[in-house]
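Visitor: This is my_file.csv, which holds CSV, C-alpha atoms:
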chain,number,residue,atom,x,y,z
A,236,MET,CA,7.9,0.5,36.6
A,237,LEU,CA,9.8,-2.8,36.3
A,238,ILE,CA,13.3,-2.9,37.8
A,239,GLU,CA,15.5,-5.8,36.6
A,240,ARG,CA,17.3,-7.9,39.2
A,241,PRO,CA,19.9,-9.9,37.3
A,242,THR,CA,22.3,-10.5,40.2
A,243,PRO,CA,20.0,-12.5,42.5
A,244,ILE,CA,18.8,-14.5,39.4
A,245,GLU,CA,22.4,-15.3,38.6
A,246,ARG,CA,23.0,-16.4,42.3
A,247,ILE,CA,20.0,-18.7,42.1
A,248,ARG,CA,21.3,-20.2,38.8
A,249,ARG,CA,24.6,-20.8,40.5
A,250,ALA,CA,22.9,-22.5,43.4
A,251,PHE,CA,21.1,-24.8,41.1
A,252,SER,CA,24.3,-25.7,39.3
A,253,VAL,CA,25.5,-27.3,42.5
A,254,HIS,CA,22.3,-28.3,44.4
A,255,PRO,CA,18.8,-29.7,43.5
A,256,VAL,CA,17.3,-27.1,45.9
A,257,ALA,CA,17.7,-23.4,46.2
A,258,ALA,CA,16.2,-21.4,49.1
A,259,LEU,CA,15.5,-17.7,48.6
A,260,THR,CA,15.2,-16.0,51.9
A,261,GLY,CA,14.7,-12.4,52.9
A,262,PRO,CA,12.2,-10.0,54.6
A,263,ARG,CA,8.6,-9.8,53.7
A,264,GLN,CA,7.8,-7.5,50.8
A,265,CYS,CA,11.4,-7.5,49.4
A,266,GLY,CA,10.3,-8.9,46.1
A,267,LYS,CA,10.9,-12.7,46.5
A,268,THR,CA,7.6,-13.7,44.9
A,269,THR,CA,8.0,-11.3,41.9
A,270,LEU,CA,11.5,-12.7,41.3
A,271,ALA,CA,10.4,-16.3,41.6
A,272,ARG,CA,7.6,-15.8,39.2
A,273,GLU,CA,10.0,-14.2,36.7
A,274,ILE,CA,12.3,-17.2,37.0
A,275,ALA,CA,9.4,-19.6,36.7
A,276,ALA,CA,8.1,-17.9,33.6
A,277,ARG,CA,11.6,-18.4,31.9
A,278,ALA,CA,11.8,-22.1,32.8
A,279,PRO,CA,10.7,-24.6,30.1
A,280,ARG,CA,8.5,-26.3,32.7
A,281,SER,CA,7.4,-24.9,36.1
A,282,THR,CA,4.8,-25.4,38.8
A,283,TYR,CA,4.1,-22.7,41.4
A,284,PHE,CA,2.7,-23.2,44.9
A,285,ASP,CA,1.9,-20.2,47.2
A,286,LEU,CA,1.2,-21.5,50.7
A,287,GLU,CA,-0.6,-18.2,51.6
A,288,GLU,CA,-3.4,-19.5,49.2
A,289,ALA,CA,-5.9,-22.1,50.4
A,290,ALA,CA,-5.8,-23.9,47.0
A,291,SER,CA,-2.0,-24.5,47.3
A,292,HIS,CA,-2.5,-25.9,50.8
A,293,ARG,CA,-5.1,-28.3,49.5
A,294,ARG,CA,-2.9,-29.4,46.5
A,295,LEU,CA,-0.2,-30.2,49.0
A,296,SER,CA,-2.3,-32.1,51.5
A,297,ALA,CA,-0.5,-35.2,50.2
A,298,PRO,CA,2.8,-33.6,49.4
A,299,GLU,CA,4.8,-36.6,48.2
A,300,HIS,CA,2.1,-37.6,45.8
A,301,ALA,CA,1.6,-34.0,44.5
A,302,LEU,CA,5.3,-33.2,44.1
A,303,GLY,CA,6.6,-36.6,43.1
A,304,ARG,CA,5.1,-36.4,39.7
A,305,LEU,CA,6.5,-33.0,38.8
A,306,GLU,CA,9.4,-32.2,36.5
A,307,GLY,CA,11.2,-29.0,35.8
A,308,LEU,CA,11.2,-26.1,38.3
A,309,VAL,CA,8.9,-26.3,41.4
A,310,VAL,CA,8.5,-23.1,43.3
A,311,ILE,CA,7.0,-23.2,46.9
A,312,ASP,CA,6.4,-19.8,48.3
A,313,GLU,CA,6.1,-19.2,52.1
A,314,VAL,CA,7.4,-22.7,52.6
A,315,GLN,CA,7.7,-22.2,56.4
A,316,ARG,CA,3.9,-22.5,56.6
A,317,LEU,CA,4.1,-26.2,56.0
A,318,PRO,CA,7.3,-27.5,57.8
A,319,THR,CA,6.7,-31.1,56.8
A,320,LEU,CA,7.6,-30.2,53.2
A,321,PHE,CA,11.3,-30.0,54.0
A,322,GLU,CA,11.4,-33.8,54.7
A,323,THR,CA,9.3,-34.5,51.6
A,324,VAL,CA,11.6,-32.5,49.4
A,325,ARG,CA,14.6,-34.3,50.8
A,326,VAL,CA,13.1,-37.7,49.9
A,327,LEU,CA,12.2,-36.5,46.4
A,328,VAL,CA,15.6,-35.0,45.5
A,329,ASP,CA,17.4,-38.1,46.8
A,330,ARG,CA,15.4,-40.4,44.4
A,331,PRO,CA,17.4,-41.7,41.4
A,332,GLY,CA,16.3,-40.0,38.2
A,333,ASN,CA,14.7,-37.0,40.0
A,334,ALA,CA,13.7,-34.6,37.3
A,335,ALA,CA,12.6,-31.6,39.5
A,336,ARG,CA,14.5,-28.7,41.0
A,337,PHE,CA,12.9,-26.9,44.0
A,338,LEU,CA,13.0,-23.2,44.7
A,339,LEU,CA,11.8,-22.6,48.2
A,340,LEU,CA,10.8,-19.1,49.3
A,341,GLY,CA,10.4,-17.9,52.8
A,342,SER,CA,10.9,-15.1,55.3
A,343,ALA,CA,13.5,-16.0,57.9
A,344,SER,CA,12.1,-17.9,60.8
A,345,PRO,CA,13.2,-20.6,63.3
A,346,THR,CA,11.1,-23.1,61.3
A,347,LEU,CA,12.6,-22.3,58.0
A,348,ILE,CA,16.2,-22.3,59.2
A,349,ARG,CA,15.7,-25.5,61.2
A,350,GLY,CA,14.0,-27.2,58.2
A,351,VAL,CA,16.8,-26.3,55.8
A,352,SER,CA,19.6,-27.2,58.2
A,353,GLU,CA,18.1,-30.5,59.4
A,354,SER,CA,16.4,-31.9,56.4
A,355,LEU,CA,18.2,-30.4,53.4
A,356,ALA,CA,21.8,-30.1,54.5
A,357,GLY,CA,24.1,-30.6,51.5
A,358,ARG,CA,21.2,-30.4,49.1
A,359,VAL,CA,20.3,-26.7,49.2
A,360,GLY,CA,22.0,-23.5,48.1
A,361,LEU,CA,21.0,-20.4,50.2
A,362,VAL,CA,20.4,-17.1,48.5
A,363,ASP,CA,19.6,-14.0,50.5
A,364,LEU,CA,17.5,-11.3,48.9
A,365,GLY,CA,17.2,-7.7,50.2
A,366,GLY,CA,15.5,-4.7,48.7
A,367,PHE,CA,16.7,-2.9,45.6
A,368,ASP,CA,20.3,-1.9,45.5
A,369,LEU,CA,22.3,0.7,43.5
A,370,GLY,CA,23.1,-1.9,40.8
A,371,GLU,CA,19.4,-2.3,40.2
A,372,VAL,CA,18.1,1.3,40.5
A,373,GLY,CA,21.1,3.1,39.1
A,374,PRO,CA,23.9,4.9,40.9
A,375,ASP,CA,22.5,8.4,40.1
A,376,ARG,CA,19.4,7.5,42.2
A,377,TRP,CA,21.3,6.8,45.4
A,378,ARG,CA,19.7,9.6,47.4
A,379,ARG,CA,16.2,8.4,46.7
A,380,LEU,CA,17.2,4.8,47.6
A,381,TRP,CA,18.9,6.0,50.8
A,382,LEU,CA,15.8,8.0,51.9
A,383,ARG,CA,13.1,5.5,51.0
A,384,GLY,CA,15.0,2.2,51.4
A,385,GLY,CA,15.0,-0.7,49.0
A,386,PHE,CA,11.6,-2.3,49.6
A,387,PRO,CA,10.1,-2.1,46.1
A,388,ARG,CA,6.7,-0.6,47.1
A,389,SER,CA,8.5,2.0,49.2
A,390,TYR,CA,11.0,2.9,46.5
A,391,LEU,CA,8.6,3.0,43.6
A,392,SER,CA,5.8,4.9,45.3
A,393,SER,CA,5.2,8.7,45.5
A,394,PRO,CA,7.0,10.5,48.3
A,395,ASP,CA,3.9,10.6,50.5
A,396,GLY,CA,3.0,7.0,49.5
A,397,SER,CA,6.4,5.8,50.5
A,398,VAL,CA,6.1,7.3,54.0
A,399,ILE,CA,2.6,5.7,54.4
A,400,TRP,CA,3.7,2.3,53.1
A,401,ARG,CA,6.7,2.2,55.5
A,402,ARG,CA,4.6,3.1,58.5
A,403,ASN,CA,2.1,0.4,57.6
A,404,PHE,CA,4.9,-2.1,56.9
A,405,ALA,CA,6.4,-1.6,60.4
A,406,ARG,CA,3.0,-2.1,62.0
A,407,THR,CA,2.0,-5.2,60.0
A,408,PHE,CA,5.5,-6.7,60.5
A,409,LEU,CA,5.0,-6.5,64.3
A,410,GLU,CA,1.3,-7.3,64.5
A,411,ARG,CA,0.9,-9.9,61.7
A,412,ASP,CA,4.2,-11.2,60.2
A,413,LEU,CA,6.1,-12.0,63.4
A,414,PRO,CA,3.2,-13.9,65.0
A,415,GLN,CA,2.9,-15.9,61.8
A,416,LEU,CA,6.5,-16.9,62.3
A,417,GLY,CA,5.7,-18.2,65.8
A,418,ILE,CA,6.9,-15.0,67.7
A,419,THR,CA,4.6,-14.3,70.6
A,420,ILE,CA,6.2,-11.2,72.1
A,421,PRO,CA,3.7,-8.3,72.4
A,422,ALA,CA,4.0,-6.0,69.4
A,423,GLU,CA,4.3,-2.8,71.3
A,424,ARG,CA,7.2,-4.1,73.4
A,425,LEU,CA,9.1,-5.2,70.3
A,426,ARG,CA,8.4,-1.9,68.5
A,427,ARG,CA,9.9,-0.1,71.5
A,428,PHE,CA,13.0,-2.3,71.2
A,429,TRP,CA,13.1,-1.8,67.4
A,430,THR,CA,13.0,2.0,67.9
A,431,MET,CA,15.7,1.8,70.4
A,432,ILE,CA,17.9,0.0,67.9
A,433,ALA,CA,17.2,2.8,65.4
A,434,HIS,CA,18.5,5.4,67.9
A,435,TYR,CA,21.6,3.2,68.5
A,436,HIS,CA,22.0,2.6,64.8
A,437,GLY,CA,25.7,2.2,64.0
A,438,GLN,CA,26.8,1.7,67.6
A,439,THR,CA,28.1,-1.3,69.4
A,440,TRP,CA,25.6,-3.6,71.1
A,441,ASN,CA,25.3,-3.0,74.9
A,442,ALA,CA,22.9,-5.6,76.3
A,443,ALA,CA,23.0,-4.2,79.8
A,444,GLU,CA,21.8,-0.7,78.6
A,445,PHE,CA,19.0,-2.1,76.5
A,446,ALA,CA,17.9,-4.4,79.4
A,447,ARG,CA,17.7,-1.5,81.8
A,448,SER,CA,15.7,0.6,79.4
A,449,LEU,CA,13.3,-2.2,78.8
A,450,GLY,CA,13.1,-3.3,82.4
A,451,THR,CA,14.1,-6.8,81.5
A,452,SER,CA,17.1,-9.2,81.5
A,453,GLU,CA,20.1,-9.1,79.2
A,454,GLY,CA,19.1,-12.5,77.9
A,455,THR,CA,15.7,-11.2,76.9
A,456,ALA,CA,17.1,-8.2,75.2
A,457,ARG,CA,19.5,-10.4,73.2
A,458,ASN,CA,16.5,-12.6,72.3
A,459,TYR,CA,14.7,-9.6,70.9
A,460,LEU,CA,17.8,-8.7,68.9
A,461,ASP,CA,18.1,-12.2,67.5
A,462,ILE,CA,14.5,-12.1,66.4
A,463,LEU,CA,14.9,-8.9,64.4
A,464,ALA,CA,18.2,-10.0,63.0
A,465,GLY,CA,16.7,-13.4,62.0
A,466,ALA,CA,13.8,-11.5,60.2
A,467,PHE,CA,16.4,-9.5,58.2
A,468,MET,CA,15.4,-6.2,59.9
A,469,VAL,CA,18.7,-5.7,61.8
A,470,ARG,CA,22.2,-6.4,60.7
A,471,LEU,CA,24.8,-7.5,63.3
A,472,LEU,CA,28.2,-6.6,62.1
A,473,PRO,CA,30.7,-8.7,64.1
A,474,PRO,CA,34.1,-7.3,65.4
A,475,TRP,CA,37.4,-8.3,63.8
A,476,PHE,CA,40.2,-9.3,66.2
A,477,ALA,CA,43.7,-8.4,65.0
A,478,ASN,CA,46.9,-9.7,66.5
A,479,VAL,CA,47.9,-6.4,68.0
A,480,ARG,CA,48.8,-5.3,71.5
A,481,LYS,CA,45.6,-3.2,72.0
A,482,ARG,CA,42.4,-3.8,73.8
A,483,GLN,CA,39.8,-4.4,71.0
A,484,VAL,CA,36.0,-4.0,70.9
A,485,LYS,CA,34.3,-7.4,71.3
A,486,SER,CA,30.6,-6.5,70.8
A,487,PRO,CA,28.9,-6.4,67.4
A,488,LYS,CA,27.6,-3.2,65.9
A,489,THR,CA,23.9,-3.0,65.2
A,490,TYR,CA,22.2,-1.4,62.1
A,491,ILE,CA,18.7,-1.2,60.8
A,492,ARG,CA,19.3,-2.9,57.5
A,493,ASP,CA,16.9,-0.8,55.4
A,494,THR,CA,17.4,2.9,55.7
A,495,GLY,CA,13.8,3.6,54.7
A,496,VAL,CA,12.7,1.6,57.7
A,497,LEU,CA,15.3,3.4,59.9
A,498,HIS,CA,14.0,6.8,58.9
A,499,THR,CA,10.4,5.7,59.6
A,500,LEU,CA,11.4,4.5,63.1
A,501,LEU,CA,13.1,7.9,63.7
A,502,ASP,CA,10.1,9.7,62.2
A,503,LEU,CA,12.1,11.3,59.4
A,504,GLN,CA,9.9,11.9,56.3
A,505,ASP,CA,12.1,13.8,53.8
A,506,GLN,CA,15.7,14.6,52.9
A,507,ALA,CA,15.6,17.8,55.0
A,508,ASP,CA,14.6,15.7,58.1
A,509,VAL,CA,17.4,13.3,57.5
A,510,THR,CA,20.0,15.9,56.9
A,511,GLY,CA,19.2,17.8,60.1
A,512,HIS,CA,19.1,14.7,62.3
A,513,PRO,CA,21.9,13.6,64.6
A,514,LYS,CA,21.9,10.1,63.0
A,515,LEU,CA,22.7,11.6,59.6
A,516,GLY,CA,26.2,10.1,59.5
A,517,ALA,CA,25.2,6.8,60.9
A,518,SER,CA,22.3,6.5,58.4
A,519,PHE,CA,24.7,7.2,55.5
A,520,GLU,CA,27.1,4.6,56.9
A,521,GLY,CA,24.5,1.9,57.2
A,522,PHE,CA,23.3,2.6,53.7
A,523,ALA,CA,26.8,2.4,52.2
A,524,ILE,CA,27.5,-0.8,54.1
A,525,GLU,CA,24.4,-2.5,52.7
A,526,GLN,CA,25.4,-1.5,49.2
A,527,LEU,CA,28.9,-2.9,49.6
A,528,LEU,CA,27.8,-6.2,51.2
A,529,SER,CA,25.2,-6.7,48.5
A,530,ALA,CA,27.9,-6.4,45.8
A,531,PHE,CA,30.5,-8.5,47.7
A,532,ASP,CA,27.9,-11.2,48.6
A,533,THR,CA,30.1,-12.3,51.5
A,534,ARG,CA,29.8,-13.2,55.1
A,535,ASN,CA,33.4,-12.2,55.7
A,536,ALA,CA,32.5,-8.6,56.8
A,537,TYR,CA,33.5,-7.0,60.1
A,538,PHE,CA,34.2,-3.7,61.8
A,539,TRP,CA,37.3,-3.1,64.0
A,540,GLY,CA,37.8,-0.9,67.0
A,541,THR,CA,40.1,-0.5,69.9
A,542,HIS,CA,39.4,1.0,73.3
A,543,GLY,CA,42.1,3.6,72.4
A,544,GLY,CA,39.9,5.1,69.7
A,545,ALA,CA,41.3,3.5,66.5
A,546,GLU,CA,38.6,2.0,64.4
A,547,LEU,CA,37.5,0.9,60.9
A,548,ASP,CA,33.8,1.0,59.9
A,549,LEU,CA,34.0,-2.0,57.6
A,550,LEU,CA,36.5,-4.7,56.8
A,551,VAL,CA,35.8,-7.1,54.0
A,552,ARG,CA,38.0,-10.2,53.3
A,553,HIS,CA,38.0,-11.6,49.8
A,554,ARG,CA,40.3,-14.4,48.6
A,555,GLY,CA,43.1,-13.5,51.0
A,556,ALA,CA,42.8,-9.7,50.5
A,557,ARG,CA,41.7,-7.2,53.1
A,558,TYR,CA,39.7,-4.1,52.1
A,559,GLY,CA,38.8,-1.4,54.5
A,560,PHE,CA,36.0,1.2,54.2
A,561,GLU,CA,35.4,4.4,56.2
A,562,PHE,CA,32.2,6.4,55.7
A,563,LYS,CA,32.2,10.2,56.0
A,564,PHE,CA,29.2,12.5,55.3
A,565,ALA,CA,31.5,15.3,54.3
A,566,ASP,CA,32.4,17.4,51.2
A,567,ALA,CA,36.1,16.5,50.9
A,568,PRO,CA,37.2,13.9,53.5
A,569,GLY,CA,40.8,13.2,54.1
A,570,PRO,CA,42.9,10.7,56.0
A,571,THR,CA,42.9,10.6,59.8
A,572,ARG,CA,45.3,9.1,62.3
A,573,SER,CA,42.8,6.3,63.0
A,574,MET,CA,42.8,5.3,59.3
A,575,ARG,CA,46.6,5.2,59.2
A,576,ILE,CA,46.5,2.9,62.3
A,577,ALA,CA,43.9,0.6,60.7
A,578,LEU,CA,45.9,0.4,57.4
A,579,ASN,CA,49.0,-0.7,59.3
A,580,ASP,CA,47.6,-2.8,62.1
A,581,LEU,CA,45.1,-4.7,59.9
A,582,GLN,CA,47.5,-4.9,57.0
A,583,LEU,CA,44.9,-3.6,54.6
A,584,ASP,CA,45.4,-4.0,50.8
A,585,HIS,CA,43.4,-0.8,50.3
A,586,LEU,CA,41.2,1.6,52.3
A,587,CYS,CA,38.4,3.6,50.7
A,588,ILE,CA,36.8,6.7,52.3
A,589,VAL,CA,33.2,6.7,51.0
A,590,TYR,CA,31.5,10.1,50.9
A,591,PRO,CA,28.4,11.7,49.2
A,592,GLY,CA,30.3,13.6,46.6
A,593,THR,CA,30.8,12.9,42.9
A,594,GLU,CA,34.6,12.7,42.3
A,595,ALA,CA,36.9,9.8,43.1
A,596,TYR,CA,40.5,10.6,43.9
A,597,SER,CA,43.6,8.9,45.3
A,598,LEU,CA,45.4,10.0,48.5
A,599,ASP,CA,48.2,7.5,48.2
A,600,ASP,CA,48.8,4.0,46.9
A,601,ARG,CA,46.6,2.3,49.5
A,602,LEU,CA,44.1,5.1,50.3
A,603,SER,CA,41.5,6.7,48.2
A,604,VAL,CA,38.2,8.6,48.3
A,605,LEU,CA,35.1,7.2,46.7
A,606,PRO,CA,31.6,8.5,46.0
A,607,VAL,CA,28.9,6.4,47.5
A,608,SER,CA,27.4,6.1,44.0
A,609,GLN,CA,30.4,4.1,42.9
A,610,VAL,CA,30.8,1.6,45.8
A,611,GLN,CA,29.2,-1.4,44.1
A,612,GLN,CA,31.3,-0.8,41.0
A,613,LYS,CA,34.4,-0.6,43.2
A,614,ALA,CA,33.5,-3.8,45.0
A,615,LEU,CA,33.2,-5.6,41.7
A,616,GLU,CA,36.6,-4.2,40.6
A,617,LEU,CA,38.2,-5.4,43.8
A,618,MET,CA,36.8,-8.9,43.4
A,619,ARG,CA,37.8,-9.2,39.7
A,620,ALA,CA,41.3,-8.1,40.7
A,621,ARG,CA,41.5,-11.2,42.9
A,622,GLY,CA,40.0,-13.4,40.3
A,623,GLY,CA,36.3,-13.9,39.7
A,624,GLY,CA,33.2,-12.2,40.8
A,625,SER,CA,31.0,-12.6,43.9
A,626,ALA,CA,30.9,-16.0,45.5
A,627,ALA,CA,28.3,-18.4,44.5
A,628,ALA,CA,25.6,-19.2,47.0
A,629,THR,CA,26.4,-22.1,49.3
Please go through the file and, once you have read it, give me the structure as structure tokens.

Guide:
Amino acid sequence: MLIERPTPIERIRRAFSVHPVAALTGPRQCGKTTLAREIAARAPRSTYFDLEEAASHRRLSAPEHALGRLEGLVVIDEVQRLPTLFETVRVLVDRPGNAARFLLLGSASPTLIRGVSESLAGRVGLVDLGGFDLGEVGPDRWRRLWLRGGFPRSYLSSPDGSVIWRRNFARTFLERDLPQLGITIPAERLRRFWTMIAHYHGQTWNAAEFARSLGTSEGTARNYLDILAGAFMVRLLPPWFANVRKRQVKSPKTYIRDTGVLHTLLDLQDQADVTGHPKLGASFEGFAIEQLLSAFDTRNAYFWGTHGGAELDLLVRHRGARYGFEFKFADAPGPTRSMRIALNDLQLDHLCIVYPGTEAYSLDDRLSVLPVSQVQQKALELMRARGGGSAAAT
């Protein structure tokens, strides 16, 4: 079963309209290679290097010679395995008359980020790729996407096959993928930390509590968090600070980005397990947040909370507008005092209450209820209302 992914292809096209290099980053197994091969197949001229293959390594043993003669699209997969390539690509794209464009693929790692920022600054457009989203699989399949997550092999497999794949993914990510990225922390210790994040999914980060549980320092706990966030396994949602006379929450919220992985870490295998688990609401919240941020394609996303109890699950800023989102796993959610406070204190243009139902309805001019199946469509409508679609990769 082939699922089209037009949105990331368009974001890569936009990146190339500005830069000679595009970097496609995301977690392992999210479909970067499949997408890149599809783009290469459409290009008039293309050359593909996969640095997990010995043959590609040999071809690039003298990289300036091998790449300097090429024209058209040049794809280099797992580029972080050969860090010297970043400098070579910079030299090539700066040459007058350069006839090649470079698409660099890699899992997030200190080497990749450092190579892009130091060698290719001003020459590269960054495009993040996650798993499948509602715009790709269809809004009527949101429960399956929520349960299994967006990793292609997990989503497309049988129910039992999906569970097995995710278990093996978690193990190989810790035991093979992270060591290949230069992470030397014992796999079992990092798995314990990852599982703790799953149990705190949707809550504010508390370094002291994690440090006590791990028997380590707060700095070490934060280092573990940064590793998982840098590998696209954890999302850190920063707090928004409003100019109000209230004590506001200053720590980020933590989420497991893929709900299929979340359910695996919590040992939840089917919909009944998820529905009966205390993290049901938090899982639904994290899923909806990922769908919205995939559509908005923005880094201007926050949560807001005060020590008095007022809060907003998600605040998105787009072209001067402020849109709020609350997530409620309920049949017919209505407004709360906290929502009214957020509307006024944050001066929101609109607030949507996202729920698992099927009908959208308005509560007043600035407050409405929205099915989770329609969140990406709503995000696109809000962006068009302010002029234009999602931001181009930069």

Visitor: Need to verify the contact set: range 375-383 of chain A, 8 Å, all atoms listed in the file, exclusion of same-chain residues closer than 3 positions in sequence. Can you return it as a list in words?

Guide: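 The neighbour list is Phe367, Asp368, Leu369, Val372, Ser389, Tyr390, Ser397, Val398, Thr494, Gly495, Val496, His498, Asp505, Gln506, Val509, Phe519, Phe522, Val607 and Ser608 of chain A.
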
Visitor: So which one's closest to Met574 in chain A, A:Ser291, A:Leu598, A:Glu546, A:Ala276? Using all atoms listed in the file, please.

Guide: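 Closest to Met574 in chain A of all the choices is A:Glu546.
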
Visitor: So what do you get for CA of Arg330 in chain A versus CA of His300 in chain A, distance-wise?

Guide: 13.7 Å

Visitor: Could you give me, as a list in words, the residues within 9 Å of Arg554 in chain A, counting all atoms listed in the file and dropping anything in the same chain fewer than 4 positions from it?

Guide: Met618, Arg621 and Gly622 of chain A

Visitor: Using C-alpha atoms, can you export the residues from the last selection as a PDB file, in the coordinates of the input?

Guide:
ATOM      1  CA  MET A 618      36.800  -8.900  43.400  1.00  0.00           C
ATOM      2  CA  ARG A 621      41.500 -11.200  42.900  1.00  0.00           C
ATOM      3  CA  GLY A 622      40.000 -13.400  40.300  1.00  0.00           C
TER       4      GLY A 622
END

Visitor: Show which residues sit within 7 Å of Tyr283 in chain A, as an mmCIF file with C-alpha atoms, keeping the file's coordinate frame. Count all atoms listed in the file, and ignore same-chain residues fewer than 4 positions away.

Guide:
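Now in out.cif:
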data_model
loop_
_atom_site.group_PDB
_atom_site.id
_atom_site.type_symbol
_atom_site.label_atom_id
_atom_site.label_comp_id
_atom_site.auth_asym_id
_atom_site.auth_seq_id
_atom_site.Cartn_x
_atom_site.Cartn_y
_atom_site.Cartn_z
ATOM 1 C CA VAL A 309 8.900 -26.300 41.400
ATOM 2 C CA VAL A 310 8.500 -23.100 43.300
ATOM 3 C CA ILE A 311 7.000 -23.200 46.900
#

Visitor: Report, in Å with one decimal, the straight-line distance from CA of Ala464 in chain A to CA of Trp440 in chain A.

Guide: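 About the pair CA of Ala464 in chain A and CA of Trp440 in chain A: they are 12.7 Å apart.
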
Visitor: With all atoms listed in the file as the basis for distance, which of A:Gly366, A:Gly521, A:Gly555, A:Gly511 is at the shortest distance from Asn535 in chain A?

Guide: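 Nearest to Asn535 in chain A: A:Gly555.
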
Visitor: Do a neighbour search on Val469 in chain A at 8 Å with only C-alpha atoms, toss out local chain neighbours closer than 6 positions, and write the hits as a ChimeraX atom specification.

Guide: /A:460,463,489-492

Visitor: Using only C-alpha atoms, what table do you get, as CSV, when you list each residue of range 301-412 of chain A with an atom no more than 10 Å from range 248-252 of chain A, its nearest pair of atoms, and their distance in Å rounded to one decimal, rows by chain then rising number?

Guide:
residue,atom,partner,partner_atom,distance
A:Arg336,CA,A:Phe251,CA,7.7
A:Phe337,CA,A:Phe251,CA,8.9
A:Leu338,CA,A:Phe251,CA,9.0
A:Arg358,CA,A:Phe251,CA,9.8
A:Val359,CA,A:Ala250,CA,7.6
A:Gly360,CA,A:Ala250,CA,4.9
A:Leu361,CA,A:Ala250,CA,7.4
A:Val362,CA,A:Ala250,CA,7.8

Visitor: Extract, using all atoms listed in the file, all DNA, RNA and protein residues at most 6 Å from range 279-282 of chain A, discarding same-chain residues fewer than 3 positions from it, and format them as a ChimeraX atom specification.

Guide: /A:275,307-309

Visitor: Taking C-alpha atoms for each residue, export the selection above as a compact mmCIF listing (two decimals), in the frame of the given file.

Guide:
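part32.txt, freshly written:
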# COMPACT_ATOMS: atom_id res chain seq x y z
CA ALA A 275 9.40 -19.60 36.70
CA GLY A 307 11.20 -29.00 35.80
CA LEU A 308 11.20 -26.10 38.30
CA VAL A 309 8.90 -26.30 41.40

Visitor: Quick one: distance from CA of Ile420 in chain A to CA of Phe408 in chain A in Å, one decimal?

Guide: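 Computing it gives 12.5 Å between the two atoms.
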
Visitor: Please, which residues in range 433-542 of chain A fall within 12 Å of range 413-419 of chain A when counting only C-alpha atoms, and what is the closest atom pair and distance in Å to one decimal for each, ordered by chain then residue number, as CSV?

Guide:
residue,atom,partner,partner_atom,distance
A:Asn458,CA,A:Ile418,CA,10.9
A:Tyr459,CA,A:Ile418,CA,10.0
A:Asp461,CA,A:Ile418,CA,11.5
A:Ile462,CA,A:Ile418,CA,8.2
A:Leu463,CA,A:Leu413,CA,9.4
A:Gly465,CA,A:Leu413,CA,10.8
A:Ala466,CA,A:Leu413,CA,8.4
A:Phe467,CA,A:Leu413,CA,11.8
A:Met468,CA,A:Leu413,CA,11.5

Visitor: With 6 Å as the threshold, what does the neighbourhood of (6.4, -13.4, 51.8) contain in terms of residues, counting all atoms listed in the file? Coordinates are those of the file; answer as a PyMOL selection string.

Guide: chain A and resi 263+313+342

Visitor: Which residue, A:Leu605, A:Gly437, A:Trp475, A:Asp599, has the smallest gap to Arg552 in chain A when you use only C-alpha atoms?

Guide: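 Comparing A:Leu605, A:Gly437, A:Trp475, A:Asp599 against Arg552 in chain A, the winner is A:Trp475.
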
Visitor: Out of A:Arg406, A:Arg480, A:Arg601, A:Arg411, which residue has the shortest atom-to-atom distance to Trp429 in chain A when counting only C-alpha atoms?

Guide: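 Nearest to Trp429 in chain A: A:Arg406.
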
Visitor: Restricting the calculation to only C-alpha atoms: of A:Val604, A:Ala545, A:Ala614, A:Ala530, which residue gets closest to Gln483 in chain A?

Guide: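 Of A:Val604, A:Ala545, A:Ala614, A:Ala530, the one nearest Gln483 in chain A is A:Ala545, counting only C-alpha atoms.
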
Visitor: Between A:Ala595, A:Ala442, A:Asn579, A:Arg325, which has the minimum distance to Gly454 in chain A (counting all atoms listed in the file)?

Guide: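 Selected residue with least distance to Gly454 in chain A: A:Ala442.
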